[in-house]
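Here's upload-v5.txt, which has compact mmCIF, C-alpha atoms:
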```
# COMPACT_ATOMS: atom_id res chain seq x y z
CA MET F 163 -44.46 -5.54 -40.40
CA ILE F 164 -40.79 -4.64 -40.92
CA VAL F 165 -40.37 -3.93 -37.20
CA TRP F 166 -41.88 -7.31 -36.32
CA ILE F 167 -39.56 -9.10 -38.76
CA LEU F 168 -36.48 -7.30 -37.41
CA PHE F 169 -37.49 -8.01 -33.80
CA LEU F 170 -38.04 -11.72 -34.46
CA ALA F 171 -34.79 -11.90 -36.46
CA ALA F 172 -32.91 -10.32 -33.54
CA ILE F 173 -34.36 -12.92 -31.15
CA LEU F 174 -33.38 -15.82 -33.42
CA LEU F 175 -29.91 -14.34 -33.94
CA PHE F 176 -29.25 -14.10 -30.23
CA LEU F 177 -30.52 -17.62 -29.59
CA ALA F 178 -28.24 -18.90 -32.36
CA LEU F 179 -25.25 -17.05 -30.89
CA ASP F 180 -26.16 -18.28 -27.42
CA LEU F 181 -26.14 -21.98 -28.27
CA GLY F 182 -23.59 -21.85 -31.09
CA ILE F 183 -20.93 -19.59 -29.52
CA PHE F 184 -21.47 -18.48 -25.90
CA ASN F 185 -22.58 -21.91 -24.66
CA LYS F 186 -21.31 -24.22 -27.38
CA ASN F 187 -19.80 -26.58 -24.82
CA ALA F 188 -21.87 -27.84 -21.90
CA HIS F 189 -20.63 -26.33 -18.63
CA VAL F 190 -21.83 -25.42 -15.17
CA ILE F 191 -23.13 -21.84 -15.14
CA LYS F 192 -21.98 -20.30 -11.88
CA PRO F 193 -23.90 -17.56 -10.03
CA LYS F 194 -21.38 -14.89 -11.06
CA GLU F 195 -21.78 -15.66 -14.78
CA ALA F 196 -25.55 -15.91 -14.37
CA GLY F 197 -25.60 -12.61 -12.48
CA ILE F 198 -23.76 -10.86 -15.33
CA TRP F 199 -26.18 -12.24 -17.92
CA THR F 200 -29.18 -11.33 -15.74
CA ALA F 201 -27.93 -7.76 -15.38
CA LEU F 202 -27.30 -7.64 -19.14
CA TRP F 203 -30.84 -8.78 -19.99
CA VAL F 204 -32.46 -6.39 -17.53
CA THR F 205 -30.36 -3.53 -18.93
CA LEU F 206 -31.23 -4.45 -22.52
CA SER F 207 -34.91 -4.62 -21.62
CA PHE F 208 -34.93 -1.12 -20.14
CA LEU F 209 -32.87 0.22 -23.04
CA PHE F 210 -35.43 -1.26 -25.41
CA SER F 211 -38.04 0.99 -23.79
CA PHE F 212 -36.26 3.89 -25.55
CA VAL F 213 -36.62 2.00 -28.83
CA ILE F 214 -40.33 1.63 -28.06
CA ASN F 215 -40.60 5.38 -27.54
CA TRP F 216 -38.83 6.05 -30.84
CA LEU F 217 -40.96 3.57 -32.78
CA TYR F 218 -44.26 5.01 -31.56
CA ARG F 219 -43.11 8.63 -31.80
CA ASN F 220 -42.17 8.23 -35.46
CA ASN F 221 -45.08 5.93 -36.37
CA HIS F 222 -42.76 3.12 -37.44
CA ILE F 223 -45.17 0.51 -36.15
CA THR F 224 -48.93 0.01 -36.26
CA ASN F 225 -50.58 1.64 -33.27
CA PRO F 226 -54.06 0.05 -33.04
CA THR F 227 -54.83 1.48 -29.61
CA SER F 228 -53.57 5.00 -30.52
CA ILE F 229 -51.34 5.34 -27.47
CA LYS F 230 -48.80 8.11 -27.05
CA PRO F 231 -45.03 7.31 -27.10
CA ALA F 232 -44.53 8.07 -23.39
CA VAL F 233 -47.50 5.90 -22.45
CA ALA F 234 -46.25 3.10 -24.72
CA THR F 235 -42.89 3.23 -22.93
CA MET F 236 -44.50 2.96 -19.50
CA LYS F 237 -46.76 0.13 -20.67
CA PHE F 238 -43.75 -1.80 -21.96
CA ILE F 239 -41.83 -1.40 -18.68
CA THR F 240 -44.92 -2.27 -16.61
CA GLY F 241 -45.62 -5.36 -18.71
CA TYR F 242 -41.99 -6.43 -18.51
CA LEU F 243 -41.93 -6.11 -14.72
CA ILE F 244 -45.15 -8.11 -14.41
CA GLU F 245 -43.76 -10.93 -16.52
CA LEU F 246 -40.46 -10.83 -14.67
CA SER F 247 -42.15 -11.05 -11.27
CA LEU F 248 -44.43 -13.89 -12.34
CA SER F 249 -41.33 -15.78 -13.52
CA ILE F 250 -40.27 -16.34 -9.90
CA ASP F 251 -42.73 -19.20 -9.42
CA ASN F 252 -41.64 -20.60 -12.77
CA ILE F 253 -38.02 -20.67 -11.59
CA PHE F 254 -39.02 -22.61 -8.47
CA VAL F 255 -40.87 -25.24 -10.54
CA ILE F 256 -37.95 -25.57 -12.98
CA ALA F 257 -35.64 -26.27 -10.04
CA ILE F 258 -37.99 -29.02 -8.82
CA ILE F 259 -38.15 -30.59 -12.30
CA PHE F 260 -34.36 -30.65 -12.68
CA ALA F 261 -33.97 -32.18 -9.22
CA ALA F 262 -36.64 -34.83 -9.87
CA PHE F 263 -35.01 -36.03 -13.09
CA ARG F 264 -31.48 -35.53 -11.73
CA ILE F 265 -30.35 -33.27 -14.55
CA PRO F 266 -26.71 -32.23 -13.98
CA LEU F 267 -25.99 -28.50 -13.85
CA LYS F 268 -23.89 -28.59 -17.00
CA TYR F 269 -26.85 -29.87 -19.07
CA GLN F 270 -29.52 -27.61 -17.59
CA HIS F 271 -28.68 -24.70 -19.88
CA ARG F 272 -29.30 -26.85 -22.98
CA VAL F 273 -32.73 -27.90 -21.68
CA LEU F 274 -33.64 -24.30 -20.83
CA PHE F 275 -32.45 -23.07 -24.23
CA TRP F 276 -34.91 -25.28 -26.10
CA GLY F 277 -37.49 -24.61 -23.40
CA ILE F 278 -37.17 -20.87 -24.02
CA LEU F 279 -37.47 -21.35 -27.78
CA GLY F 280 -40.65 -23.35 -27.29
CA ALA F 281 -41.96 -20.75 -24.84
CA VAL F 282 -41.42 -17.96 -27.39
CA LEU F 283 -43.59 -19.81 -29.94
CA LEU F 284 -46.19 -20.77 -27.34
CA ARG F 285 -46.46 -17.33 -25.77
CA GLY F 286 -46.63 -15.74 -29.20
CA SER F 287 -49.64 -17.89 -30.09
CA MET F 288 -51.39 -17.22 -26.78
CA ILE F 289 -50.79 -13.47 -27.05
CA PHE F 290 -52.08 -13.44 -30.64
CA PHE F 291 -55.36 -15.11 -29.70
CA GLY F 292 -55.61 -13.18 -26.41
CA VAL F 293 -55.34 -9.83 -28.21
CA ILE F 294 -57.97 -10.94 -30.75
CA LEU F 295 -60.35 -11.95 -27.95
CA ILE F 296 -59.86 -8.68 -26.06
CA ASN F 297 -60.37 -6.55 -29.17
CA LYS F 298 -63.30 -8.55 -30.55
CA PHE F 299 -65.14 -9.30 -27.30
CA SER F 300 -64.79 -6.51 -24.74
CA TRP F 301 -66.49 -8.66 -22.09
CA MET F 302 -63.43 -10.97 -22.12
CA THR F 303 -61.72 -8.43 -19.86
CA TYR F 304 -64.15 -9.43 -17.09
CA ILE F 305 -63.28 -13.11 -17.52
CA PHE F 306 -59.54 -12.44 -17.51
CA GLY F 307 -59.87 -10.10 -14.53
CA ALA F 308 -61.93 -12.58 -12.53
CA PHE F 309 -59.46 -15.36 -13.37
CA LEU F 310 -56.50 -13.31 -12.10
CA LEU F 311 -58.33 -12.48 -8.86
CA PHE F 312 -59.19 -16.16 -8.43
CA THR F 313 -55.52 -17.08 -8.94
CA ALA F 314 -54.40 -14.49 -6.38
CA PHE F 315 -57.05 -15.72 -3.91
CA LYS F 316 -55.93 -19.33 -4.42
CA MET F 317 -52.27 -18.39 -3.83
CA LEU F 318 -53.13 -16.43 -0.68
CA PHE F 319 -55.08 -19.25 0.94
CA LYS F 320 -52.92 -22.11 -0.26
CA LYS F 321 -52.55 -24.65 2.50
CA GLU F 322 -49.03 -25.42 3.62
CA GLU F 323 -49.83 -29.13 3.88
CA GLU F 324 -50.86 -29.33 0.22
CA GLU F 325 -48.85 -31.92 -1.69
CA GLU F 326 -45.92 -30.40 -3.54
CA PHE F 327 -45.61 -30.74 -7.29
CA ASN F 328 -43.95 -34.02 -8.24
CA PRO F 329 -42.86 -34.12 -11.93
CA LYS F 330 -42.68 -37.93 -11.94
CA LYS F 331 -46.34 -38.17 -10.93
CA SER F 332 -47.46 -35.59 -13.47
CA PHE F 333 -49.88 -36.37 -16.29
CA VAL F 334 -47.23 -35.34 -18.85
CA TYR F 335 -44.65 -37.82 -17.61
CA ARG F 336 -47.10 -40.70 -17.29
CA SER F 337 -48.55 -40.02 -20.75
CA LEU F 338 -45.11 -39.78 -22.38
CA ARG F 339 -44.11 -43.20 -21.06
CA LYS F 340 -47.16 -44.68 -22.77
CA ILE F 341 -46.18 -43.15 -26.12
CA ILE F 342 -42.42 -43.63 -26.22
CA PRO F 343 -39.90 -45.64 -24.16
CA VAL F 344 -38.09 -43.54 -21.56
CA THR F 345 -34.68 -44.36 -20.14
CA SER F 346 -33.69 -43.42 -16.61
CA GLN F 347 -30.05 -43.01 -17.66
CA LEU F 348 -28.57 -39.82 -19.10
CA GLU F 349 -26.81 -40.10 -22.45
CA GLY F 350 -24.70 -36.96 -22.43
CA ASP F 351 -26.63 -33.97 -23.76
CA HIS F 352 -28.85 -36.07 -26.06
CA PHE F 353 -32.63 -35.82 -25.91
CA PHE F 354 -33.10 -39.16 -27.71
CA ILE F 355 -31.05 -42.30 -28.25
CA ARG F 356 -31.51 -45.39 -30.44
CA LYS F 357 -31.33 -48.92 -29.07
CA LYS F 358 -32.34 -51.98 -31.09
CA HIS F 359 -34.04 -49.78 -33.68
CA LEU F 360 -36.09 -48.10 -30.95
CA ARG F 361 -36.13 -44.35 -30.37
CA ILE F 362 -35.88 -43.78 -26.63
CA ALA F 363 -36.35 -40.50 -24.76
CA THR F 364 -33.76 -39.52 -22.17
CA PRO F 365 -34.41 -37.65 -18.90
CA LEU F 366 -33.30 -34.44 -20.68
CA PHE F 367 -36.25 -34.65 -23.09
CA VAL F 368 -38.68 -35.56 -20.31
CA ALA F 369 -37.54 -32.55 -18.27
CA LEU F 370 -37.87 -30.31 -21.35
CA LEU F 371 -41.40 -31.51 -22.07
CA VAL F 372 -42.55 -31.06 -18.46
CA ILE F 373 -41.02 -27.56 -18.37
CA GLU F 374 -42.83 -26.63 -21.60
CA VAL F 375 -46.19 -27.79 -20.24
CA MET F 376 -45.63 -26.00 -16.93
CA ASP F 377 -44.71 -22.80 -18.82
CA MET F 378 -48.00 -23.09 -20.71
CA LEU F 379 -49.84 -23.28 -17.39
CA PHE F 380 -47.96 -20.25 -16.04
CA ALA F 381 -48.77 -18.39 -19.26
CA LEU F 382 -52.46 -18.75 -18.38
CA ASP F 383 -51.75 -16.25 -15.58
CA SER F 384 -49.08 -14.08 -17.17
CA VAL F 385 -50.71 -13.45 -20.56
CA PRO F 386 -54.02 -12.15 -19.11
CA ALA F 387 -51.98 -10.12 -16.60
CA ILE F 388 -50.09 -8.28 -19.32
CA LEU F 389 -53.27 -7.86 -21.39
CA ALA F 390 -54.59 -5.88 -18.43
CA ILE F 391 -51.84 -3.34 -19.12
CA THR F 392 -52.26 -3.07 -22.88
CA ALA F 393 -53.88 -4.80 -25.84
CA ASP F 394 -51.20 -3.50 -28.22
CA PRO F 395 -49.76 -6.69 -29.81
CA PHE F 396 -46.17 -5.48 -30.14
CA LEU F 397 -45.97 -4.15 -26.57
CA VAL F 398 -47.46 -7.35 -25.16
CA PHE F 399 -45.21 -9.62 -27.22
CA SER F 400 -41.94 -7.70 -26.81
CA SER F 401 -42.25 -7.25 -23.03
CA ASN F 402 -43.19 -10.91 -22.65
CA ILE F 403 -40.29 -12.13 -24.81
CA PHE F 404 -37.69 -10.00 -23.01
CA ALA F 405 -38.83 -11.48 -19.70
CA ILE F 406 -38.67 -15.02 -21.12
CA LEU F 407 -35.20 -14.54 -22.64
CA GLY F 408 -33.86 -13.39 -19.29
CA LEU F 409 -35.44 -16.32 -17.47
CA ARG F 410 -32.53 -18.74 -18.01
CA SER F 411 -29.86 -16.52 -16.50
CA MET F 412 -32.24 -15.53 -13.71
CA TYR F 413 -32.81 -19.21 -12.95
CA PHE F 414 -29.09 -19.93 -12.52
CA PHE F 415 -28.72 -16.72 -10.50
CA LEU F 416 -31.68 -17.27 -8.15
CA ALA F 417 -32.12 -21.07 -8.03
CA THR F 418 -29.91 -21.44 -4.97
CA MET F 419 -31.40 -18.40 -3.22
CA LEU F 420 -35.14 -18.98 -3.68
CA GLU F 421 -35.71 -19.64 0.02
CA LYS F 422 -34.41 -16.15 0.84
CA PHE F 423 -37.21 -14.59 -1.24
CA SER F 424 -40.13 -16.46 0.31
CA TYR F 425 -42.16 -13.26 0.84
CA LEU F 426 -42.06 -12.42 -2.87
CA GLU F 427 -45.13 -14.65 -3.21
CA TYR F 428 -47.17 -11.97 -1.44
CA SER F 429 -45.86 -9.44 -3.96
CA LEU F 430 -47.13 -11.66 -6.75
CA ILE F 431 -50.52 -11.95 -5.03
CA ALA F 432 -50.72 -8.15 -4.77
CA ILE F 433 -49.73 -7.69 -8.43
CA LEU F 434 -52.21 -10.28 -9.70
CA SER F 435 -54.97 -8.74 -7.59
CA PHE F 436 -54.16 -5.25 -8.87
CA VAL F 437 -54.16 -6.21 -12.56
CA GLY F 438 -57.30 -8.30 -12.01
CA ILE F 439 -59.13 -5.29 -10.58
CA LYS F 440 -57.75 -3.14 -13.40
CA MET F 441 -59.29 -5.50 -15.96
CA LEU F 442 -62.63 -5.56 -14.15
CA ILE F 443 -62.93 -1.77 -14.24
CA ALA F 444 -61.48 -1.43 -17.75
CA GLN F 445 -64.95 -0.85 -19.26
CA THR F 446 -65.92 1.82 -16.71
CA THR F 447 -65.25 5.54 -16.82
CA TYR F 448 -62.43 5.30 -14.27
CA LYS F 449 -59.08 3.84 -15.28
CA PHE F 450 -55.77 3.68 -13.45
CA PRO F 451 -53.17 6.03 -14.96
CA GLU F 452 -50.10 4.23 -16.30
CA TRP F 453 -47.81 5.73 -13.67
CA VAL F 454 -50.06 4.27 -10.94
CA SER F 455 -49.75 0.76 -12.41
CA LEU F 456 -45.98 1.03 -12.80
CA SER F 457 -45.53 2.50 -9.30
CA PHE F 458 -47.70 -0.18 -7.66
CA ILE F 459 -45.78 -3.03 -9.30
CA LEU F 460 -42.39 -1.51 -8.41
CA VAL F 461 -43.43 -0.93 -4.79
CA ALA F 462 -44.85 -4.46 -4.50
CA LEU F 463 -41.67 -6.05 -5.85
CA ILE F 464 -39.27 -3.92 -3.81
CA THR F 465 -41.30 -4.47 -0.62
CA GLY F 466 -41.35 -8.25 -1.18
CA ILE F 467 -37.58 -8.34 -1.75
CA LEU F 468 -36.74 -6.17 1.27
CA VAL F 469 -39.06 -8.04 3.64
CA SER F 470 -37.73 -11.40 2.41
CA LEU F 471 -34.10 -10.36 2.92
CA ALA F 472 -34.86 -8.88 6.35
CA LYS F 473 -36.64 -12.05 7.52
CA SER F 474 -33.91 -14.26 6.03
CA ASN F 475 -31.14 -12.33 7.81
CA LYS F 476 -33.10 -12.46 11.06
CA LYS F 477 -33.40 -16.26 10.85
CA GLU F 478 -29.68 -16.64 10.11
```
With the file now loaded, output its structure as structure tokens.
Amino acid sequence: MIVWILFLAAILLFLALDLGIFNKNAHVIKPKEAGIWTALWVTLSFLFSFVINWLYRNNHITNPTSIKPAVATMKFITGYLIELSLSIDNIFVIAIIFAAFRIPLKYQHRVLFWGILGAVLLRGSMIFFGVILINKFSWMTYIFGAFLLFTAFKMLFKKEEEEEFNPKKSFVYRSLRKIIPVTSQLEGDHFFIRKKHLRIATPLFVALLVIEVMDMLFALDSVPAILAITADPFLVFSSNIFAILGLRSMYFFLATMLEKFSYLEYSLIAILSFVGIKMLIAQTTYKFPEWVSLSFILVALITGILVSLAKSNKKE
């Protein structure tokens, strides 16, 4: 319990420093600054794998699945890479939402900050109930596995002519307008304003709400995917949170370069298919060793990146 409290306290401390000191004043986050923060978060995440090893080696945390320290370390890294890779689609959707509501670059960080905070609470709840379901009903692994394979199949055979996501036509936006007045004008970095004793939502709040709902939908894929790696609550939560915390800087770093990584979608399809199969055979005598899972995910990501860059350079 102490480890959980310290971990959550560290997350809250960083978020407080982020908004209160590092980004106290709204400003445009340039690719160079975003690249530094992205590198910092990735480095911190891999360094935390050593903390994981230390915690499990010295029995400083509950180990319900009785995994060895080295295996726990590999599971954390594998889970983190899965969440990081699945964040690519999330970044693309965030870019569409910001463009649809015409959110200036200097206010996007504020929206993402509160979006990340909401995602931490939401993912935490989903992971909590997901772990309970996996541990209490072993047959849930088949449902999660089949769902991941279905998602991969749907992504693979997605038609190019399918209508793109339009935030202003979404159920969330239309429902919000029925509940509370929404202004089309920005009012600085405010989420709400008051006019004639009425509380009115600004485009910043609308964008935040749509992003939160979309993150919940993405979590329906990512949470089962990481549960395929491990049902250990701390490993699932910590790897997920590190990926989420690095999402903001990754967005500002990759948002303008998403078209160059078009083939990463096939990497995601391969990863989802792999973890789906892993869940389906979880109750059998054969199981993939941890190094196989980690190696497959690394190879899939690197291949997607290299092919995307090669094709992009060829087109240019």
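Here atom CA of F:Glu245 and atom CA of F:Lys331 stand 27.9 Å from one another.
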Residues within 12 Å of (-39.2, -9.8, -23.5), file coordinates, counting all atoms listed in the file: what are they? Give the list as a ChimeraX atom specification.
/F:169-170,172-173,203-211,238-246,249,278,281-282,285-286,388,396-409
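Atom CA of F:Gly438 lies 5.3 Å from atom CA of F:Leu311.
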Please list as a PyMOL selection string every residue within 9 Å of stretch 257-269 of chain F, counting only C-alpha atoms and excluding residues in the same chain fewer than 6 positions away.
chain F and resi 188-191+327-330+346+348+350-351+365-366+368-369+372-373+413+417
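Straight-line separation from atom CA of F:Thr446 to atom CA of F:Ala390: 13.8 Å.
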Need the shell around F:Ile433: protein/DNA/RNA residues with any atom at most 9 Å away, counting only C-alpha atoms. Skip same-chain ones fewer than 3 positions apart. Format as a PyMOL selection string?
chain F and resi 244+247+314+387+428-430+436-438+458-459+462-463
List as a list in words the protein and nucleic acid residues near stretch 422-425 of chain F, meaning an atom at most 7 Å away when all atoms listed in the file are counted, but skip any in the same chain fewer than 2 places from it.
Met419, Leu420, Glu427, Tyr428, Gly466, Ile467, Val469, Ser470, Leu471 and Ser474 of chain F
Could you write out that same residue set with C-alpha atoms as a PDB file, in the coordinates of the input?
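Written out: result33.pdb:
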```pdb
ATOM      1  CA  MET F 419     -31.400 -18.400  -3.220  1.00  0.00           C
ATOM      2  CA  LEU F 420     -35.140 -18.980  -3.680  1.00  0.00           C
ATOM      3  CA  GLU F 427     -45.130 -14.650  -3.210  1.00  0.00           C
ATOM      4  CA  TYR F 428     -47.170 -11.970  -1.440  1.00  0.00           C
ATOM      5  CA  GLY F 466     -41.350  -8.250  -1.180  1.00  0.00           C
ATOM      6  CA  ILE F 467     -37.580  -8.340  -1.750  1.00  0.00           C
ATOM      7  CA  VAL F 469     -39.060  -8.040   3.640  1.00  0.00           C
ATOM      8  CA  SER F 470     -37.730 -11.400   2.410  1.00  0.00           C
ATOM      9  CA  LEU F 471     -34.100 -10.360   2.920  1.00  0.00           C
ATOM     10  CA  SER F 474     -33.910 -14.260   6.030  1.00  0.00           C
TER      11      SER F 474
END
```
Residue with the minimum atom-to-atom distance to F:Lys194, picked from F:Tyr218, F:Phe414, F:Phe353, F:Phe254 with all atoms listed in the file counted, is F:Phe414
Box centre and edge lengths (Å, one decimal), axis-aligned, stretch 444-458 of chain F plus 5 Å each side, as JSON:
```
{"center_x": -55.7, "center_y": 2.3, "center_z": -13.5, "size_x": 30.4, "size_y": 17.5, "size_z": 21.6}
```
Tell me, as number ranges by chain, which residues lie within 7 Å of F:Met412, counting only C-alpha atoms; anything in the same chain fewer than 4 positions away does not count.
F: 196, 200, 408, 416
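Applying the 10 Å criterion to (-59.4, -9.6, -15.2) in file coordinates and using only C-alpha atoms, one obtains the residues Trp301, Met302, Thr303, Tyr304, Ile305, Phe306, Gly307, Ala308, Phe309, Leu310, Leu311, Phe312, Pro386, Ala387, Leu389, Ala390, Leu434, Ser435, Phe436, Val437, Gly438, Ile439, Lys440, Met441, Leu442, Ile443 and Ala444 of chain F.
Closest approach to F:Met288 from the set F:Thr224, F:Ser384, F:Thr465, F:Ser332 is made by F:Ser384, with distances taken over only C-alpha atoms.
Comparing the minimum interatomic distances between F:Asp394 and each of F:Leu283, F:Ile223, F:Ile253, F:Met376, counting all atoms listed in the file, we find that F:Ile223 sits nearest.
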